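Asks: Let me begin by handing over the structure; questions about it come next.
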Amino acid sequence: MNKTLSVAAIEYGTVIDHITAGQALRIVQLLSLQASKDKITIGMHLLSKRFGLKDIIKIENRILTENEANEIVVFAPLATINVIHDFKVNKKISTHLPVIMKKIFICKNPKCITQVEKIESLFSIIQEGKQIKLTCHFCEKIFNRDEIKAS
Amino acid sequence: MTNLLFKHDLISIKELDLASLELIFSTAEKIKLNPVHAILNDKIIAHCFFEASTRTRLSFETAALKLGAKNIGFANAESLSLKKGESLQDTIRMMDEYADLIIIRHPLEGAAAFAAIVAEHPVINAGDGANQHPSQAIIDLFSMRECQNKINGLAIALVGDLKYARTIHSLCQACSLFDIRLYLVAPELLALPNDICDMLKKRGVRFSYHHSLEEVISKIDILYMTRIQEERFNSDPSLMHETFILTPSMLTYAKPNLKILHPLPRIKELPVEIDESAHAYYFQQAKNGVVVRQALLSLILNESIL
């Protein structure tokens with residue numbers, strides 16, 4: 001059987017690999033990639049030896065900041081983020097779960113003040129086992145990450 | 001001793017540590033023994049009650065007056081520009097220009113935290129929806145400490161509407177700072193929210209669930225009753241009342257030192273016949289509302305400790 005790459009290699013930029021299957025589009029939205037002029041390649045539900053299925057995003061001509069990389073961890077805790085130079089991995093960006101996230105998530109508590117007033121959302125983030133939990137700074141309600149929408 | 005509360009907001013009981021609570025207790029105790037006057041003579045306090053309140057609003061106003069401060073504000077949202085569609089942000093920004101401290105009660109959860117972001121002056125949360133009521137939790141702990149001479153080691157039953165009573169949510173978080181055994185007595189529909197139960201577990205607080213007062217009455221030092229929060233409850237609340245009404249006969253099984261607390265107002269769960277019992281302590285608890293709130297105002301607005 002011929003082995004071919006599912007997603008083409010890039011010369012310079014960032015590759016986000018081992019994204020939890022199905023989360024790629026959330027990360028596209030998180031990084032506002034849909035609004036950028038960068039060339040983006042997205043692979044979803046690709047075969048992975050480690051995870052069974054995975055997603056991958058390749059962003060040409062853009063190197064992610066440490067903060068951007070950390071925010072990705074909230075959606076894809078096992079993602080690896082590599083900086084590419086001359087088609088080779090130049091650096092692996094080490095990540096950790098951010099303590100807080102602003103503007104990204106929308107509180108789903110219908111009685112939260114954020115439903116009424118114009119406020120930037122603010123959540124504190126913790127990991128409990130495999131679950132990532134978010135606490136709304138305002139109403140103090142705690143949600144599993146998959147329960148709430150990203151804006 | 002440093003005043004950890006000076007110029008700070010009081011939004012959630014989670015923000016307080018043991019040292020801050022002890023400072024509030026000792027200040028309130030001093031004020032109770034030797035009333036202080038005129039230490040806030042030059043201060044104006046805004047009482048912004050977007051939701052009706054009797055005890056909390058009047059005790060905060062009384063506390064401010066006793067310390068020499070001047071009160072401004074409103075007792076409900078009816079008379080406000082809010083009726084004309086003004087945002088909370090604009091209302092708070094305006095009050096922040098007038099006053100040295102803002103006390104807010106609001107039906108939406110997180111309103112006080114939002115006000116604290118908008119205002120430059122300190123903000124005290126006097127209740128935000130079903131979320132928090134931190135000053136009430138401090139009054140409750142102060143009253144327990146006063147009537148039992150300790151907090152650590154107490155067995156406390158929380159009875160009634162544990163789901164919507166914000167004072168219960170704040171009190172549970174405060175209890176987690178102490179070595180307290182909790183008995184949660186509530187119908188399933190009004191059980192303590194899961195996130196608070198999880199918090200109690202994580203902090204090692206021992207607690208158990210019960211469906212009637214009789215199961216726990218002989219084991220406890222504090223019986224903390226709450227009313228059904230009908231204004232936050234969509235189902236028929238009358239179904240809940242009967243099982244959680246305290247009767248004088250139940251008290252025959254109580255420990256001699258048992259004291260009954262209730263944040264008031266009460267409905268049927270705490271009949272007036274109980275008022276004469278030596279176990280009743282809820283009117284002393286209500287009276288403590290003023291001294292504890294005096295302590296809070298003086299510590300937030302004055303760097304020096306009494």
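Every chain in the structure tokens has a letter given in the order shown (A, B, ...), and although residue numbers restart at 1 in each chain, ligands are simply numbered from 1 in the order shown.
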Excluding region 179-190 of chain B and any residue of its chain fewer than 2 positions from it, enumerate the residues within 6 Å of it, using only C-alpha atoms, and give them as a PyMOL selection string.

Replies: chain B and resi 152-163+206-211

Asks: Show which residues sit within 7 Å of Ile260 (chain B), as number ranges by chain. Count only C-alpha atoms, and ignore same-chain residues fewer than 3 positions away.

Replies: B: 222-224, 279-282

Asks: I'd like the neighbourhood of Val292 (chain B) as a ChimeraX atom specification, where a residue qualifies if any of its atoms comes within 12 Å (using only C-alpha atoms), though same-chain residues fewer than 5 positions away should be ignored.

Replies: /B:21-32,56,59-60,62-64,134-143,285-287,297-299

Asks: Could those selected residues go to a file with N, CA and C atoms, as a short mmCIF file (atom, residue, chain, number, x, y, z; two decimals), in the first residue's frame?

Replies:
```cif
data_model
loop_
_atom_site.label_atom_id
_atom_site.label_comp_id
_atom_site.auth_asym_id
_atom_site.auth_seq_id
_atom_site.Cartn_x
_atom_site.Cartn_y
_atom_site.Cartn_z
N LEU B 21 -11.97 36.39 58.06
CA LEU B 21 -13.19 36.11 58.84
C LEU B 21 -12.98 36.40 60.31
N GLU B 22 -11.83 35.98 60.84
CA GLU B 22 -11.53 36.22 62.26
C GLU B 22 -11.47 37.72 62.55
N LEU B 23 -10.92 38.49 61.60
CA LEU B 23 -10.84 39.94 61.77
C LEU B 23 -12.25 40.55 61.82
N ILE B 24 -13.13 40.07 60.94
CA ILE B 24 -14.51 40.58 60.95
C ILE B 24 -15.20 40.21 62.27
N PHE B 25 -15.02 38.96 62.70
CA PHE B 25 -15.66 38.52 63.95
C PHE B 25 -15.17 39.37 65.13
N SER B 26 -13.86 39.56 65.22
CA SER B 26 -13.33 40.28 66.39
C SER B 26 -13.77 41.75 66.34
N THR B 27 -13.84 42.34 65.14
CA THR B 27 -14.29 43.73 65.03
C THR B 27 -15.76 43.84 65.43
N ALA B 28 -16.57 42.90 64.96
CA ALA B 28 -18.00 42.91 65.30
C ALA B 28 -18.20 42.74 66.81
N GLU B 29 -17.39 41.85 67.40
CA GLU B 29 -17.47 41.63 68.85
C GLU B 29 -17.17 42.92 69.62
N LYS B 30 -16.12 43.62 69.16
CA LYS B 30 -15.75 44.89 69.83
C LYS B 30 -16.86 45.91 69.69
N ILE B 31 -17.45 46.00 68.51
CA ILE B 31 -18.53 46.98 68.29
C ILE B 31 -19.73 46.62 69.16
N LYS B 32 -19.98 45.33 69.31
CA LYS B 32 -21.13 44.90 70.12
C LYS B 32 -20.92 45.26 71.59
N THR B 56 -31.85 42.92 55.07
CA THR B 56 -30.50 43.21 54.58
C THR B 56 -30.35 44.70 54.33
N SER B 59 -30.62 46.73 57.64
CA SER B 59 -29.49 46.53 58.56
C SER B 59 -28.23 47.18 58.01
N PHE B 60 -28.05 47.15 56.70
CA PHE B 60 -26.91 47.87 56.12
C PHE B 60 -27.07 49.38 56.34
N THR B 62 -28.81 50.87 58.69
CA THR B 62 -28.64 51.14 60.12
C THR B 62 -27.16 51.11 60.50
N ALA B 63 -26.46 50.11 59.99
CA ALA B 63 -25.02 49.99 60.28
C ALA B 63 -24.28 51.25 59.84
N ALA B 64 -24.62 51.73 58.64
CA ALA B 64 -23.96 52.93 58.11
C ALA B 64 -24.29 54.15 58.97
N PRO B 134 -22.78 36.94 50.78
CA PRO B 134 -21.66 36.73 51.70
C PRO B 134 -21.83 37.35 53.09
N SER B 135 -22.44 38.54 53.16
CA SER B 135 -22.55 39.16 54.50
C SER B 135 -23.47 38.34 55.39
N GLN B 136 -24.49 37.69 54.81
CA GLN B 136 -25.38 36.85 55.62
C GLN B 136 -24.62 35.64 56.15
N ALA B 137 -23.76 35.05 55.31
CA ALA B 137 -22.98 33.89 55.77
C ALA B 137 -22.07 34.28 56.93
N ILE B 138 -21.52 35.49 56.87
CA ILE B 138 -20.63 35.94 57.95
C ILE B 138 -21.45 36.14 59.23
N ILE B 139 -22.65 36.70 59.08
CA ILE B 139 -23.53 36.88 60.25
C ILE B 139 -23.88 35.50 60.84
N ASP B 140 -24.16 34.54 59.99
CA ASP B 140 -24.52 33.19 60.45
C ASP B 140 -23.37 32.58 61.25
N LEU B 141 -22.16 32.66 60.71
CA LEU B 141 -21.00 32.10 61.41
C LEU B 141 -20.74 32.83 62.72
N PHE B 142 -20.87 34.16 62.68
CA PHE B 142 -20.66 34.96 63.88
C PHE B 142 -21.67 34.53 64.97
N SER B 143 -22.91 34.30 64.56
CA SER B 143 -23.96 33.90 65.52
C SER B 143 -23.70 32.51 66.08
N GLN B 285 -29.65 36.44 65.91
CA GLN B 285 -28.91 36.37 64.63
C GLN B 285 -29.25 37.60 63.78
N ALA B 286 -30.53 37.95 63.72
CA ALA B 286 -30.94 39.14 62.93
C ALA B 286 -30.33 40.41 63.52
N LYS B 287 -30.30 40.47 64.86
CA LYS B 287 -29.71 41.63 65.53
C LYS B 287 -28.21 41.72 65.21
N LEU B 297 -18.33 47.48 57.07
CA LEU B 297 -18.20 48.84 56.55
C LEU B 297 -16.95 49.52 57.12
N SER B 298 -16.73 49.34 58.42
CA SER B 298 -15.58 50.03 59.03
C SER B 298 -14.27 49.45 58.51
N LEU B 299 -14.21 48.15 58.30
CA LEU B 299 -12.95 47.54 57.81
C LEU B 299 -12.69 47.86 56.34
#
```

Asks: In Å, with one decimal, what is the gap from CA of Val118 (chain B) to CA of Leu88 (chain B)?

Replies: 9.5 Å

Asks: Near chain B, meaning an atom within 8 Å, which residues of chain A appear when counting only C-alpha atoms? Write them as a list in words.

Replies: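 Listed by rising number, the hits are Lys111, Cys112, Ile113, Thr114, Glu117, His137, Phe138, Cys139, Glu140, Lys141 and Ile142 of chain A.
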
Asks: What parts of region 62-136 of chain A does DSSP call strand (DSSP E or B)? I'd like the answer as a ChimeraX atom specification.

Replies: /A:80-85,88-93,100-102,105,112,122-128,131-136

Asks: For the residues in that selection, give me C-alpha atoms as a PDB file, in the first residue's frame.

Replies:
```pdb
ATOM      1  CA  THR A  80       1.312  19.034  19.895  1.00  0.00           C
ATOM      2  CA  ILE A  81       2.200  22.409  18.433  1.00  0.00           C
ATOM      3  CA  ASN A  82       5.280  22.571  16.229  1.00  0.00           C
ATOM      4  CA  VAL A  83       6.991  25.518  14.572  1.00  0.00           C
ATOM      5  CA  ILE A  84       8.107  24.615  11.038  1.00  0.00           C
ATOM      6  CA  HIS A  85      11.136  26.052   9.196  1.00  0.00           C
ATOM      7  CA  LYS A  88      11.230  20.640   9.307  1.00  0.00           C
ATOM      8  CA  VAL A  89      10.178  20.910  12.951  1.00  0.00           C
ATOM      9  CA  ASN A  90      12.213  23.812  14.277  1.00  0.00           C
ATOM     10  CA  LYS A  91      10.673  24.027  17.729  1.00  0.00           C
ATOM     11  CA  LYS A  92       7.963  22.380  19.782  1.00  0.00           C
ATOM     12  CA  ILE A  93       5.862  24.945  21.673  1.00  0.00           C
ATOM     13  CA  ILE A 100      -8.362  32.107  32.825  1.00  0.00           C
ATOM     14  CA  MET A 101      -9.885  32.710  29.405  1.00  0.00           C
ATOM     15  CA  LYS A 102     -11.471  35.981  28.344  1.00  0.00           C
ATOM     16  CA  PHE A 105     -16.815  31.133  26.018  1.00  0.00           C
ATOM     17  CA  CYS A 112     -26.109  35.168  34.571  1.00  0.00           C
ATOM     18  CA  LEU A 122     -14.323  35.542  31.849  1.00  0.00           C
ATOM     19  CA  PHE A 123     -13.851  31.940  32.927  1.00  0.00           C
ATOM     20  CA  SER A 124     -11.341  30.307  35.231  1.00  0.00           C
ATOM     21  CA  ILE A 125     -10.159  26.910  34.028  1.00  0.00           C
ATOM     22  CA  ILE A 126      -9.125  23.767  35.855  1.00  0.00           C
ATOM     23  CA  GLN A 127      -8.529  20.175  34.844  1.00  0.00           C
ATOM     24  CA  GLU A 128     -10.119  17.407  36.900  1.00  0.00           C
ATOM     25  CA  GLN A 131     -12.424  16.789  32.316  1.00  0.00           C
ATOM     26  CA  ILE A 132     -11.705  20.456  31.724  1.00  0.00           C
ATOM     27  CA  LYS A 133     -13.990  22.580  33.888  1.00  0.00           C
ATOM     28  CA  LEU A 134     -14.788  26.244  33.460  1.00  0.00           C
ATOM     29  CA  THR A 135     -16.138  28.534  36.173  1.00  0.00           C
ATOM     30  CA  CYS A 136     -17.890  31.746  35.144  1.00  0.00           C
TER      31      CYS A 136
END
```

Asks: Need the shell around Gln29 (chain A): protein/DNA/RNA residues with any atom at most 10 Å away, counting only C-alpha atoms. Skip same-chain ones fewer than 6 positions apart. Format as an NGL selection string?

Replies: :A and (35 or 104 or 150-151)

Asks: Please return, as a list in words, all residues of chain A that DSSP assigns to alpha helix (DSSP H) on the basis of the backbone.

Replies: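 Alpha helix (DSSP H) members of chain A, listed: Ala24, Leu25, Arg26, Ile27, Val28, Gln29, Leu30, Glu66, Asn67, Glu68, Ala69, Asn70, Glu71, Ile72, Val73, Val74 and Phe75 of chain A.
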
Asks: May I have the selected residues written with N, CA and C atoms, as an mmCIF file, in the first residue's frame?

Replies:
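Result file is again00.cif:
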```
data_model
loop_
_atom_site.group_PDB
_atom_site.id
_atom_site.type_symbol
_atom_site.label_atom_id
_atom_site.label_comp_id
_atom_site.auth_asym_id
_atom_site.auth_seq_id
_atom_site.Cartn_x
_atom_site.Cartn_y
_atom_site.Cartn_z
ATOM 1 N N ALA A 24 -11.142 20.601 15.497
ATOM 2 C CA ALA A 24 -10.341 21.487 14.631
ATOM 3 C C ALA A 24 -11.068 22.796 14.324
ATOM 4 N N LEU A 25 -12.356 22.704 14.026
ATOM 5 C CA LEU A 25 -13.072 23.926 13.639
ATOM 6 C C LEU A 25 -13.198 24.902 14.809
ATOM 7 N N ARG A 26 -13.269 24.363 16.033
ATOM 8 C CA ARG A 26 -13.304 25.236 17.219
ATOM 9 C C ARG A 26 -11.983 25.990 17.340
ATOM 10 N N ILE A 27 -10.898 25.310 17.009
ATOM 11 C CA ILE A 27 -9.578 25.956 17.106
ATOM 12 C C ILE A 27 -9.417 26.984 15.984
ATOM 13 N N VAL A 28 -9.961 26.666 14.815
ATOM 14 C CA VAL A 28 -9.957 27.644 13.707
ATOM 15 C C VAL A 28 -10.645 28.922 14.173
ATOM 16 N N GLN A 29 -11.792 28.741 14.834
ATOM 17 C CA GLN A 29 -12.565 29.886 15.332
ATOM 18 C C GLN A 29 -11.800 30.620 16.437
ATOM 19 N N LEU A 30 -11.201 29.842 17.357
ATOM 20 C CA LEU A 30 -10.446 30.418 18.474
ATOM 21 C C LEU A 30 -9.325 31.324 17.972
ATOM 22 N N GLU A 66 2.714 31.893 22.648
ATOM 23 C CA GLU A 66 2.545 30.934 23.740
ATOM 24 C C GLU A 66 1.107 30.970 24.273
ATOM 25 N N ASN A 67 0.530 32.187 24.379
ATOM 26 C CA ASN A 67 -0.854 32.317 24.865
ATOM 27 C C ASN A 67 -1.840 31.611 23.944
ATOM 28 N N GLU A 68 -1.646 31.814 22.638
ATOM 29 C CA GLU A 68 -2.540 31.145 21.669
ATOM 30 C C GLU A 68 -2.413 29.631 21.801
ATOM 31 N N ALA A 69 -1.181 29.166 21.959
ATOM 32 C CA ALA A 69 -0.953 27.725 22.087
ATOM 33 C C ALA A 69 -1.628 27.187 23.354
ATOM 34 N N ASN A 70 -1.537 27.960 24.447
ATOM 35 C CA ASN A 70 -2.157 27.515 25.697
ATOM 36 C C ASN A 70 -3.676 27.429 25.576
ATOM 37 N N GLU A 71 -4.259 28.384 24.845
ATOM 38 C CA GLU A 71 -5.721 28.359 24.699
ATOM 39 C C GLU A 71 -6.184 27.135 23.910
ATOM 40 N N ILE A 72 -5.337 26.665 23.011
ATOM 41 C CA ILE A 72 -5.680 25.469 22.225
ATOM 42 C C ILE A 72 -5.834 24.254 23.145
ATOM 43 N N VAL A 73 -5.032 24.230 24.216
ATOM 44 C CA VAL A 73 -5.051 23.086 25.138
ATOM 45 C C VAL A 73 -6.440 22.888 25.745
ATOM 46 N N VAL A 74 -7.191 23.990 25.901
ATOM 47 C CA VAL A 74 -8.535 23.882 26.481
ATOM 48 C C VAL A 74 -9.427 23.011 25.592
ATOM 49 N N PHE A 75 -9.231 23.080 24.279
ATOM 50 C CA PHE A 75 -10.040 22.291 23.348
ATOM 51 C C PHE A 75 -9.381 20.953 23.001
#
```

Asks: Find the residues around Lys37 (chain A) up to 12 Å (only C-alpha atoms counted), leave out those fewer than 4 positions away in its own chain, and share them as a CSV table (one decimal) with C-alpha atoms, in the first residue's frame.

Replies:
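Output saved as out.csv:
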```
chain,number,residue,atom,x,y,z
A,32,SER,CA,-9.8,33.5,14.0
A,33,LEU,CA,-8.1,31.6,11.2
A,59,ILE,CA,-1.0,27.3,9.2
A,60,GLU,CA,1.5,28.8,6.7
A,61,ASN,CA,3.5,31.9,7.5
A,62,ARG,CA,2.2,32.3,11.1
```

Asks: Could you check the closest approach to Pro263 (chain B) for each of B:Arg55, B:Cys147, B:Cys175, B:Asn125 and tell me which residue wins, using only C-alpha atoms?

Replies: B:Arg55

Asks: For Lys7 (chain B), work out the shell of residues within 8 Å, counting only C-alpha atoms and skipping chain neighbours fewer than 2 positions away, then give it as number ranges by chain.

Replies: B: 5, 9, 121-122, 300-301

Asks: Next, write the just-selected residues to a file, as a PDB file, in the first residue's frame, keeping C-alpha atoms as the atom set.

Replies:
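What ended up in part-v5.pdb:
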```
ATOM      1  CA  LEU B   5     -10.423  44.069  53.829  1.00  0.00           C
ATOM      2  CA  ASP B   9     -14.893  44.318  47.449  1.00  0.00           C
ATOM      3  CA  HIS B 121     -15.028  52.242  44.912  1.00  0.00           C
ATOM      4  CA  PRO B 122     -15.536  49.020  46.887  1.00  0.00           C
ATOM      5  CA  ILE B 300     -13.541  48.236  54.125  1.00  0.00           C
ATOM      6  CA  LEU B 301     -13.562  52.022  54.517  1.00  0.00           C
TER       7      LEU B 301
END
```

Asks: Using only C-alpha atoms, find the one residue out of B:Arg93, B:Arg293, B:Arg105, B:Lys43 that sits nearest to Ala75 (chain B).

Replies: B:Arg105

Asks: Can you work out the spacing between CA of Ser212 (chain B) and CA of Pro271 (chain B) in Å, to one decimal?

Replies: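 So the two atoms, CA of Ser212 (chain B) and CA of Pro271 (chain B), lie 16.7 Å apart.
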
Asks: Contacts of Lys108 (chain A) at 9 Å or less, counting only C-alpha atoms, minus same-chain residues fewer than 6 places along, as an MDAnalysis selection string?

Replies: chainID A and resid 115 143 147:149

Asks: Produce a file of the selected residues containing C-alpha atoms, as an mmCIF file, in the first residue's frame.

Replies:
```
data_model
loop_
_atom_site.group_PDB
_atom_site.id
_atom_site.type_symbol
_atom_site.label_atom_id
_atom_site.label_comp_id
_atom_site.auth_asym_id
_atom_site.auth_seq_id
_atom_site.Cartn_x
_atom_site.Cartn_y
_atom_site.Cartn_z
ATOM 1 C CA GLN A 115 -26.772 37.369 29.319
ATOM 2 C CA PHE A 143 -19.440 23.779 33.450
ATOM 3 C CA GLU A 147 -21.247 21.944 27.764
ATOM 4 C CA ILE A 148 -20.695 25.539 26.743
ATOM 5 C CA LYS A 149 -20.340 27.328 23.454
#
```

Asks: Report the distance between CA of Ile19 (chain A) and CA of Lys58 (chain A) in Å, rounded to one decimal place.

Replies: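 Answer for the CA of Ile19 (chain A) to CA of Lys58 (chain A) separation: 11.6 Å.
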
Asks: For Glu269 (chain B), which residue among B:Pro256, B:Pro193, B:Pro248, B:Gly289 is the nearest when counting only C-alpha atoms?

Replies: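 For Glu269 (chain B), the nearest of the given residues is B:Pro248.
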
Asks: Pick out the closest residue to Val291 (chain B) from this set: B:Leu65, B:Asn41, B:Cys172, B:His47. Count only C-alpha atoms.

Replies: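 Closest candidate: B:Leu65.
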